[in-house]
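To be precise, the following lines are structure17.txt, and they hold compact mmCIF, C-alpha atoms (C1' of nucleotides).
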# COMPACT_ATOMS: atom_id res chain seq x y z
CA MET A 1 115.57 30.73 -208.33
CA ASP A 2 113.70 33.37 -210.24
CA ALA A 3 112.91 30.50 -212.50
CA LEU A 4 111.30 28.68 -209.64
CA VAL A 5 109.04 31.60 -208.87
CA ALA A 6 108.29 32.25 -212.49
CA ARG A 7 107.66 28.62 -213.26
CA VAL A 8 104.63 28.47 -211.03
CA GLY A 9 101.70 29.77 -212.97
CA SER A 10 98.76 31.95 -212.01
CA ILE A 11 100.52 34.29 -209.66
CA ARG A 12 99.12 37.65 -210.46
CA ALA A 13 101.11 39.61 -207.94
CA SER A 14 104.43 38.60 -209.44
CA LYS A 15 103.56 39.77 -212.93
CA SER A 16 105.64 42.89 -212.75
CA ALA A 17 108.40 41.29 -210.72
CA ALA A 18 110.96 38.71 -211.78
CA GLY A 19 112.83 41.15 -213.95
CA GLY A 20 114.66 43.30 -211.51
CA SER A 21 116.97 41.39 -209.23
CA PRO A 22 120.52 41.76 -210.55
CA SER A 23 121.53 38.16 -210.04
CA SER A 24 125.05 38.51 -211.26
CA ALA A 25 127.93 36.47 -209.91
CA HIS A 26 125.56 33.54 -209.55
CA SER A 27 127.58 30.48 -210.23
CA PRO A 28 125.36 28.11 -212.18
CA LYS A 29 126.08 25.24 -209.85
CA ARG A 30 125.01 27.24 -206.84
CA MET A 31 121.76 28.23 -208.49
CA LEU A 32 121.16 24.70 -209.68
CA PHE A 33 121.72 23.39 -206.20
CA LEU A 34 119.42 25.85 -204.48
CA ASP A 35 116.78 25.17 -207.07
CA LEU A 36 117.23 21.47 -206.48
CA VAL A 37 116.84 21.95 -202.74
CA LEU A 38 113.54 23.77 -203.13
CA SER A 39 112.41 21.19 -205.65
CA VAL A 40 113.19 18.40 -203.21
CA PHE A 41 111.04 20.14 -200.60
CA ARG A 42 108.27 20.33 -203.15
CA LEU A 43 108.66 16.75 -204.32
CA ASN A 44 108.73 15.50 -200.76
CA GLY A 45 105.38 17.11 -200.04
CA LEU A 46 103.88 15.67 -203.20
CA LEU A 47 105.24 12.22 -202.46
CA VAL A 48 103.80 12.24 -198.96
CA ALA A 49 100.43 13.29 -200.36
CA GLU A 50 100.75 10.66 -203.04
CA GLY A 51 101.60 8.01 -200.46
CA ASP A 52 98.63 8.98 -198.34
CA ALA A 53 96.28 8.77 -201.30
CA MET A 54 97.74 5.49 -202.47
CA THR A 55 97.50 3.78 -199.09
CA GLU A 56 94.33 5.18 -197.58
CA ASP A 57 92.25 2.27 -198.85
CA LEU A 58 94.62 -0.11 -197.06
CA GLY A 59 94.30 1.48 -193.65
CA LEU A 60 97.75 2.96 -193.99
CA THR A 61 99.30 6.40 -194.16
CA SER A 62 102.53 7.62 -195.67
CA ALA A 63 104.24 7.30 -192.29
CA ARG A 64 103.10 3.68 -191.95
CA TRP A 65 104.04 3.12 -195.55
CA LYS A 66 107.66 3.86 -194.75
CA VAL A 67 107.68 1.74 -191.59
CA ILE A 68 105.95 -1.27 -193.09
CA GLY A 69 108.28 -1.19 -196.06
CA VAL A 70 111.36 -1.30 -193.89
CA VAL A 71 110.00 -3.99 -191.59
CA ALA A 72 108.85 -6.15 -194.50
CA LEU A 73 112.37 -6.20 -195.90
CA SER A 74 114.00 -7.38 -192.68
CA THR A 75 113.31 -11.06 -192.12
CA ALA A 76 114.90 -11.04 -188.68
CA GLY A 77 112.95 -8.09 -187.40
CA LEU A 78 114.17 -4.68 -186.42
CA THR A 79 114.11 -2.68 -183.22
CA VAL A 80 112.34 0.63 -183.15
CA PRO A 81 115.57 2.62 -183.01
CA GLY A 82 116.81 0.42 -185.84
CA ILE A 83 113.89 1.40 -188.03
CA ALA A 84 114.52 5.01 -187.07
CA ARG A 85 118.12 4.73 -188.21
CA VAL A 86 117.12 3.26 -191.55
CA LEU A 87 114.54 5.98 -192.12
CA GLY A 88 116.71 8.71 -190.68
CA GLN A 89 114.07 9.73 -188.19
CA SER A 90 113.99 10.03 -184.44
CA ARG A 91 113.22 6.88 -182.52
CA GLN A 92 110.37 8.70 -180.79
CA ALA A 93 108.68 9.45 -184.09
CA VAL A 94 108.94 5.83 -185.17
CA GLN A 95 107.87 4.56 -181.77
CA ARG A 96 104.62 6.43 -181.97
CA ILE A 97 103.83 5.07 -185.41
CA THR A 98 104.68 1.51 -184.44
CA ASP A 99 102.62 1.73 -181.25
CA VAL A 100 99.53 2.64 -183.25
CA MET A 101 100.32 0.03 -185.89
CA ALA A 102 100.64 -2.58 -183.14
CA GLN A 103 97.26 -1.54 -181.77
CA ASP A 104 95.84 -1.93 -185.24
CA GLY A 105 97.29 -5.41 -185.50
CA LEU A 106 99.68 -4.71 -188.36
CA ILE A 107 102.83 -5.43 -186.39
CA THR A 108 103.79 -7.22 -183.19
CA TYR A 109 106.56 -6.75 -180.70
CA GLN A 110 108.62 -9.86 -180.03
CA PRO A 111 111.33 -10.50 -177.46
CA ASN A 112 114.79 -9.62 -178.69
CA PRO A 113 117.41 -12.26 -177.86
CA LYS A 114 120.08 -9.63 -178.23
CA HIS A 115 118.49 -7.04 -176.03
CA LYS A 116 116.20 -7.46 -173.05
CA ARG A 117 114.34 -4.17 -173.30
CA SER A 118 114.46 -3.32 -176.98
CA VAL A 119 111.90 -5.60 -178.61
CA LEU A 120 111.80 -6.59 -182.25
CA VAL A 121 109.15 -5.35 -184.65
CA LEU A 122 107.63 -7.98 -186.93
CA LEU A 123 104.73 -7.97 -189.34
CA THR A 124 101.60 -9.86 -188.37
CA ASP A 125 99.70 -11.81 -191.00
CA GLU A 126 97.47 -8.82 -191.35
CA GLY A 127 100.53 -6.64 -191.75
CA LYS A 128 101.93 -8.93 -194.40
CA SER A 129 98.76 -8.90 -196.42
CA ALA A 130 98.64 -5.12 -196.06
CA TYR A 131 102.17 -5.01 -197.42
CA HIS A 132 101.25 -7.24 -200.34
CA ALA A 133 98.21 -5.09 -201.08
CA LEU A 134 100.47 -2.09 -200.82
CA ARG A 135 102.85 -3.57 -203.34
CA GLU A 136 100.01 -4.08 -205.79
CA VAL A 137 99.31 -0.37 -205.72
CA GLN A 138 102.87 0.81 -205.32
CA ASP A 139 104.49 -1.15 -208.11
CA PRO A 140 102.24 0.05 -210.94
CA TRP A 141 102.61 3.54 -209.55
CA ALA A 142 106.38 3.28 -209.70
CA ILE A 143 106.32 1.90 -213.21
CA ARG A 144 103.84 4.51 -214.37
CA ASN A 145 106.01 7.33 -213.07
CA THR A 146 109.17 6.14 -214.75
CA GLU A 147 107.95 4.87 -218.09
CA ASP A 148 109.30 7.80 -220.06
CA ILE A 149 112.39 8.40 -217.97
CA PRO A 150 115.72 6.88 -219.01
CA VAL A 151 117.33 4.49 -216.55
CA GLU A 152 120.51 6.51 -216.74
CA ASP A 153 118.75 9.60 -215.49
CA LEU A 154 117.27 7.70 -212.58
CA GLU A 155 120.68 6.35 -211.70
CA THR A 156 122.32 9.74 -211.91
CA ALA A 157 119.65 11.35 -209.75
CA LEU A 158 119.73 8.57 -207.19
CA ARG A 159 123.50 8.72 -207.02
CA LEU A 160 123.39 12.47 -206.50
CA VAL A 161 120.71 12.30 -203.83
CA ARG A 162 122.61 9.62 -201.98
CA ARG A 163 125.75 11.64 -202.20
CA LEU A 164 124.02 14.60 -200.63
CA ILE A 165 122.51 12.39 -197.94
CA GLN A 166 125.90 10.97 -197.13
CA ARG A 167 127.39 14.42 -196.92
CA LEU A 168 124.65 15.93 -194.76
CA ASP A 169 124.30 12.92 -192.47
CA LYS A 170 127.38 13.30 -190.41
CA MET B 1 115.47 -1.53 -201.50
CA ASP B 2 117.45 -4.16 -199.71
CA ALA B 3 120.30 -1.92 -200.60
CA LEU B 4 118.66 0.90 -198.73
CA VAL B 5 118.35 -1.17 -195.59
CA ALA B 6 121.79 -2.64 -195.95
CA ARG B 7 123.39 0.70 -196.73
CA VAL B 8 122.62 2.07 -193.31
CA GLY B 9 125.34 0.93 -191.01
CA SER B 10 125.25 -0.27 -187.43
CA ILE B 11 122.00 -2.16 -187.54
CA ARG B 12 122.65 -5.26 -185.58
CA ALA B 13 119.22 -6.78 -185.90
CA SER B 14 119.44 -6.90 -189.68
CA LYS B 15 122.71 -8.78 -189.73
CA SER B 16 121.15 -12.11 -190.54
CA ALA B 17 118.55 -10.62 -192.85
CA ALA B 18 119.02 -8.92 -196.20
CA GLY B 19 119.95 -12.11 -197.94
CA GLY B 20 116.67 -13.91 -198.24
CA SER B 21 114.04 -11.97 -200.11
CA PRO B 22 113.80 -13.36 -203.63
CA SER B 23 113.50 -10.08 -205.44
CA SER B 24 112.96 -11.51 -208.86
CA ALA B 25 110.87 -9.83 -211.51
CA HIS B 26 111.95 -6.52 -210.08
CA SER B 27 112.32 -4.21 -213.02
CA PRO B 28 115.41 -2.11 -212.35
CA LYS B 29 113.58 1.12 -213.04
CA ARG B 30 110.93 0.28 -210.49
CA MET B 31 113.51 -0.47 -207.83
CA LEU B 32 115.49 2.62 -208.72
CA PHE B 33 112.40 4.75 -208.44
CA LEU B 34 111.30 3.37 -205.08
CA ASP B 35 114.80 3.78 -203.78
CA LEU B 36 114.80 7.33 -205.07
CA VAL B 37 111.51 8.04 -203.32
CA LEU B 38 112.81 6.85 -199.96
CA SER B 39 116.03 8.76 -200.54
CA VAL B 40 114.07 11.93 -201.23
CA PHE B 41 112.26 11.48 -197.92
CA ARG B 42 115.59 11.08 -196.24
CA LEU B 43 117.18 14.03 -198.01
CA ASN B 44 114.20 16.21 -197.23
CA GLY B 45 114.59 15.56 -193.53
CA LEU B 46 118.28 16.29 -193.65
CA LEU B 47 117.76 19.48 -195.61
CA VAL B 48 115.18 20.76 -193.14
CA ALA B 49 117.56 20.00 -190.28
CA GLU B 50 120.36 21.65 -192.22
CA GLY B 51 118.21 24.70 -192.89
CA ASP B 52 117.31 24.98 -189.23
CA ALA B 53 120.94 24.74 -188.16
CA MET B 54 122.04 27.21 -190.81
CA THR B 55 119.45 29.84 -189.94
CA GLU B 56 119.10 29.57 -186.19
CA ASP B 57 121.62 32.33 -185.58
CA LEU B 58 119.55 34.63 -187.77
CA GLY B 59 116.28 34.17 -185.90
CA LEU B 60 114.94 32.05 -188.72
CA THR B 61 113.81 28.48 -189.17
CA SER B 62 113.64 26.28 -192.23
CA ALA B 63 110.00 27.24 -192.74
CA ARG B 64 110.87 30.93 -192.63
CA TRP B 65 113.84 30.23 -194.83
CA LYS B 66 111.52 29.09 -197.60
CA VAL B 67 109.10 31.98 -197.15
CA ILE B 68 111.73 34.71 -196.98
CA GLY B 69 113.44 33.32 -200.03
CA VAL B 70 110.30 33.48 -202.11
CA VAL B 71 109.31 36.93 -200.86
CA ALA B 72 112.79 38.33 -201.41
CA LEU B 73 112.68 37.32 -205.06
CA SER B 74 109.38 39.04 -205.80
CA THR B 75 109.89 42.78 -205.99
CA ALA B 76 106.18 43.49 -206.27
CA GLY B 77 105.20 41.42 -203.25
CA LEU B 78 103.16 38.28 -203.06
CA THR B 79 99.91 37.38 -201.39
CA VAL B 80 99.92 34.63 -198.81
CA PRO B 81 98.10 32.20 -201.11
CA GLY B 82 100.57 33.19 -203.80
CA ILE B 83 103.50 32.18 -201.63
CA ALA B 84 101.70 28.96 -200.84
CA ARG B 85 101.33 28.21 -204.53
CA VAL B 86 105.00 28.79 -205.18
CA LEU B 87 106.00 26.56 -202.29
CA GLY B 88 103.29 24.02 -202.98
CA GLN B 89 101.92 24.28 -199.48
CA SER B 90 98.53 25.11 -198.05
CA ARG B 91 97.74 28.77 -197.63
CA GLN B 92 96.98 28.11 -193.96
CA ALA B 93 100.45 26.77 -193.31
CA VAL B 94 102.04 29.80 -194.97
CA GLN B 95 99.67 32.19 -193.24
CA ARG B 96 100.77 30.99 -189.83
CA ILE B 97 104.43 31.40 -190.69
CA THR B 98 103.93 34.88 -192.14
CA ASP B 99 101.87 35.99 -189.15
CA VAL B 100 104.71 35.13 -186.79
CA MET B 101 107.27 36.64 -189.13
CA ALA B 102 105.21 39.83 -189.23
CA GLN B 103 105.11 39.92 -185.43
CA ASP B 104 108.87 39.54 -185.44
CA GLY B 105 109.23 42.45 -187.81
CA LEU B 106 110.68 40.52 -190.72
CA ILE B 107 107.81 41.17 -193.10
CA THR B 108 104.92 43.60 -193.40
CA TYR B 109 101.50 43.35 -194.91
CA GLN B 110 100.69 46.06 -197.41
CA PRO B 111 97.44 46.90 -199.17
CA ASN B 112 96.96 45.06 -202.42
CA PRO B 113 95.67 47.29 -205.23
CA LYS B 114 94.40 44.21 -206.98
CA HIS B 115 92.54 42.73 -204.04
CA LYS B 116 90.89 44.43 -201.09
CA ARG B 117 91.26 41.63 -198.57
CA SER B 118 94.32 39.75 -199.72
CA VAL B 119 97.26 41.87 -198.65
CA LEU B 120 100.76 41.74 -200.08
CA VAL B 121 103.71 40.38 -198.15
CA LEU B 122 106.88 42.47 -198.30
CA LEU B 123 110.19 42.32 -196.50
CA THR B 124 110.94 44.99 -193.92
CA ASP B 125 114.44 46.40 -193.67
CA GLU B 126 115.04 43.91 -190.92
CA GLY B 127 113.75 41.18 -193.17
CA LYS B 128 116.02 42.29 -195.98
CA SER B 129 119.09 42.26 -193.79
CA ALA B 130 118.08 38.85 -192.50
CA TYR B 131 117.85 37.69 -196.09
CA HIS B 132 121.27 39.10 -196.88
CA ALA B 133 122.71 37.44 -193.79
CA LEU B 134 121.00 34.27 -194.88
CA ARG B 135 122.60 34.48 -198.28
CA GLU B 136 126.00 34.78 -196.71
CA VAL B 137 125.50 31.46 -195.00
CA GLN B 138 123.50 29.80 -197.72
CA ASP B 139 125.74 30.52 -200.67
CA PRO B 140 128.94 29.01 -199.27
CA TRP B 141 126.85 26.06 -198.13
CA ALA B 142 125.53 25.54 -201.63
CA ILE B 143 128.97 25.85 -203.16
CA ARG B 144 130.50 23.54 -200.59
CA ASN B 145 127.92 20.85 -201.29
CA THR B 146 128.40 20.90 -205.03
CA GLU B 147 132.12 21.36 -205.43
CA ASP B 148 132.78 17.78 -206.45
CA ILE B 149 129.55 17.22 -208.35
CA PRO B 150 129.44 17.69 -212.12
CA VAL B 151 127.08 20.34 -213.43
CA GLU B 152 125.59 17.79 -215.77
CA ASP B 153 124.56 15.57 -212.87
CA LEU B 154 122.92 18.49 -211.12
CA GLU B 155 121.05 19.35 -214.27
CA THR B 156 119.92 15.79 -214.82
CA ALA B 157 118.72 15.41 -211.25
CA LEU B 158 116.93 18.74 -211.25
CA ARG B 159 115.24 17.92 -214.53
CA LEU B 160 114.10 14.58 -213.18
CA VAL B 161 112.82 16.02 -209.93
CA ARG B 162 110.91 18.70 -211.78
CA ARG B 163 109.48 16.14 -214.10
CA LEU B 164 108.18 14.14 -211.17
CA ILE B 165 106.81 17.28 -209.54
CA GLN B 166 104.98 18.18 -212.73
CA ARG B 167 103.54 14.72 -212.99
CA LEU B 168 102.41 14.45 -209.38
CA ASP B 169 101.09 17.99 -209.14
CA LYS B 170 97.93 17.67 -211.11
C1' DG C 1 134.03 -7.29 -161.46
C1' DT C 2 133.45 -2.08 -161.82
C1' DG C 3 132.50 2.14 -163.59
C1' DT C 4 131.43 5.00 -167.33
C1' DA C 5 129.33 5.85 -171.67
C1' DA C 6 125.88 4.58 -174.99
C1' DA C 7 121.34 2.88 -176.06
C1' DT C 8 116.61 2.44 -175.05
C1' DG C 9 111.86 3.39 -173.20
C1' DA C 10 108.66 6.71 -171.73
C1' DC C 11 106.75 11.16 -171.29
C1' DA C 12 106.10 16.13 -172.30
C1' DG C 13 106.21 20.08 -175.15
C1' DC C 14 106.75 22.35 -179.49
C1' DA C 15 106.95 23.28 -184.75
C1' DT C 16 105.24 22.36 -189.13
C1' DG C 17 101.79 21.10 -192.29
C1' DC C 18 97.29 19.22 -193.50
C1' DT C 19 92.06 19.14 -193.88
C1' DG C 20 87.44 20.83 -192.90
C1' DG C 21 84.17 24.36 -192.12
C1' DC C 22 82.38 28.93 -192.44
C1' DA C 23 82.03 33.85 -193.55
C1' DT C 24 83.50 37.41 -196.71
C1' DT C 25 85.23 39.27 -200.92
C1' DG C 26 86.24 38.99 -206.11
C1' DT C 27 85.43 37.32 -210.59
C1' DA C 28 82.94 36.11 -214.40
C1' DG C 29 78.89 34.61 -216.95
C1' DC C 30 74.23 35.90 -217.90
C1' DG D 1 72.89 44.57 -212.14
C1' DC D 2 72.50 39.52 -210.50
C1' DT D 3 73.94 35.27 -209.58
C1' DA D 4 77.09 31.44 -209.18
C1' DC D 5 81.62 30.10 -208.54
C1' DA D 6 86.31 30.92 -207.00
C1' DA D 7 89.55 32.95 -203.87
C1' DT D 8 90.64 34.50 -199.41
C1' DG D 9 90.76 35.05 -194.19
C1' DC D 10 90.03 32.81 -190.00
C1' DC D 11 89.34 29.11 -186.76
C1' DA D 12 89.64 24.39 -185.02
C1' DG D 13 91.38 19.83 -184.97
C1' DC D 14 94.61 16.38 -186.32
C1' DA D 15 99.05 13.93 -188.02
C1' DT D 16 103.83 13.85 -188.21
C1' DG D 17 108.27 14.75 -186.56
C1' DC D 18 111.54 17.09 -183.54
C1' DT D 19 113.95 18.12 -179.04
C1' DG D 20 114.51 17.68 -174.07
C1' DT D 21 114.48 15.05 -169.88
C1' DC D 22 114.84 11.20 -166.89
C1' DA D 23 115.24 6.36 -165.49
C1' DT D 24 116.83 1.98 -166.82
C1' DT D 25 119.41 -1.26 -169.37
C1' DT D 26 123.28 -2.61 -172.18
C1' DA D 27 127.99 -2.37 -173.82
C1' DC D 28 132.66 -1.62 -173.27
C1' DA D 29 137.04 -0.24 -171.43
C1' DC D 30 139.77 -0.96 -167.41

The structure in this file should be written as structure tokens.
Amino acid sequence: MDALVARVGSIRASKSAAGGSPSSAHSPKRMLFLDLVLSVFRLNGLLVAEGDAMTEDLGLTSARWKVIGVVALSTAGLTVPGIARVLGQSRQAVQRITDVMAQDGLITYQPNPKHKRSVLVLLTDEGKSAYHALREVQDPWAIRNTEDIPVEDLETALRLVRRLIQRLDK
Amino acid sequence: MDALVARVGSIRASKSAAGGSPSSAHSPKRMLFLDLVLSVFRLNGLLVAEGDAMTEDLGLTSARWKVIGVVALSTAGLTVPGIARVLGQSRQAVQRITDVMAQDGLITYQPNPKHKRSVLVLLTDEGKSAYHALREVQDPWAIRNTEDIPVEDLETALRLVRRLIQRLDK
DNA sequence: GTGTAAATGACAGCATGCTGGCATTGTAGC
DNA sequence: GCTACAATGCCAGCATGCTGTCATTTACAC
């Protein structure tokens, strides 16, 4: 973790630090994991910022980006709590996003044959074209960010992240 | 990404979906990356929740967890903007956390010889014992979550995450 | 059928993090 | 020394996400 602090440049106050803490008995796996945790926090923030920047011309935000992506992939429609379960967020958080997106004409609520109260969320034509426009920005972005990264590394990282998700999500 | 939707269990509405979308011309790396991005969002949320649960008995929160960890590792003290740079957050966000933590007696502001206005953040004795108590919860947690994960996988994932951070943080 | 538990909608309140704006202090070039 | 730019403190407003609560609907065991 000292590495994490030291890695960030231009921190005058920490010049004389970083040498002292006797970090003995630090199992490498433990340190790797804690470093990974902080890095995930960092990456998450950057990805949200990146998503906001990438979608602002489309009338979207990173929150809508997630929702529209999930809805676009479900041909039969999803309920709000269903979207929340996919995204691992509270249904209230998703509900607020979808309400605004419905006002903006990106999605519509349709009767759910399986459930009288819990309506289905579907993309409107405007929502679909927003999703297609999104894809045209998102896909090059994804390709650009992985061009010099081996597939194996991506697979290993994804497997690890999923493993942690599975473990923490119980 | 269909996999992401399908992977989440107990979603009745998506039963009849997930089969249709003709995801041709999807380069595997692109799909892997987008899946990784969504998984990082998911993992981030779980880690924050985990951090909150882990630290609530110590009078901490996940936000304070990050701050106290950074401050504890810098023997010379850090300025608020310095902490923000390490964490990759805005100085305002960190300032609000540190102000409350100072009120709670976990940290103190000390004069900065290098800068008249920008004070240094240091742990109080109470803050140090909170950090030690934190370590006693955090370390077993880290070990528990990595016991069946190869070191090489952790290293690969960390390297990849850092690589993405470096690329997005410019 | 009935009753209980789970799921959902709706509302309120709170925590975290961001941006923008403005005044003040430091830094560096001249 | 002066000036211009950067860094910092402080304030306000906003977006996102969480929990808690309550009423209603749905699902399921009996």

Give the residues of chain A that lie within 10 Å of chain D; count all atoms listed in the file, and format the answer as a ChimeraX atom specification. /A:61-63,89-90,92-94,96-97,114-118

With a distance threshold of 10 Å and counting all atoms listed in the file, extract the residues of chain C near chain A and express them as a VMD selection string. chain C and resid 7 to 10 17 to 18

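Note that the spacing between atom CA of Phe33 of chain A and atom CA of Leu106 of chain B amounts to 25.6 Å.
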
Would you give me, as a PyMOL selection string, the residues of chain B that come within 6 Å of chain A, using only C-alpha atoms? chain B and resi 8+13+17+30+36+43+74-76+78+82+86+142-143+157-158+165

Output C-alpha atoms of each residue in that selection to a file, as a compact mmCIF listing (two decimals), keeping the file's coordinate frame.
# COMPACT_ATOMS: atom_id res chain seq x y z
CA VAL B 8 122.62 2.07 -193.31
CA ALA B 13 119.22 -6.78 -185.90
CA ALA B 17 118.55 -10.62 -192.85
CA ARG B 30 110.93 0.28 -210.49
CA LEU B 36 114.80 7.33 -205.07
CA LEU B 43 117.18 14.03 -198.01
CA SER B 74 109.38 39.04 -205.80
CA THR B 75 109.89 42.78 -205.99
CA ALA B 76 106.18 43.49 -206.27
CA LEU B 78 103.16 38.28 -203.06
CA GLY B 82 100.57 33.19 -203.80
CA VAL B 86 105.00 28.79 -205.18
CA ALA B 142 125.53 25.54 -201.63
CA ILE B 143 128.97 25.85 -203.16
CA ALA B 157 118.72 15.41 -211.25
CA LEU B 158 116.93 18.74 -211.25
CA ILE B 165 106.81 17.28 -209.54

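For the atom pair formed by atom CA of Val137 of chain A and atom CA of Gly105 of chain A, the distance is 20.9 Å, given to one decimal.
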
Could you tell me how far atom C1' of DT16 of chain C sits from atom CA of Leu123 of chain B, in Å to one decimal place? 21.8 Å
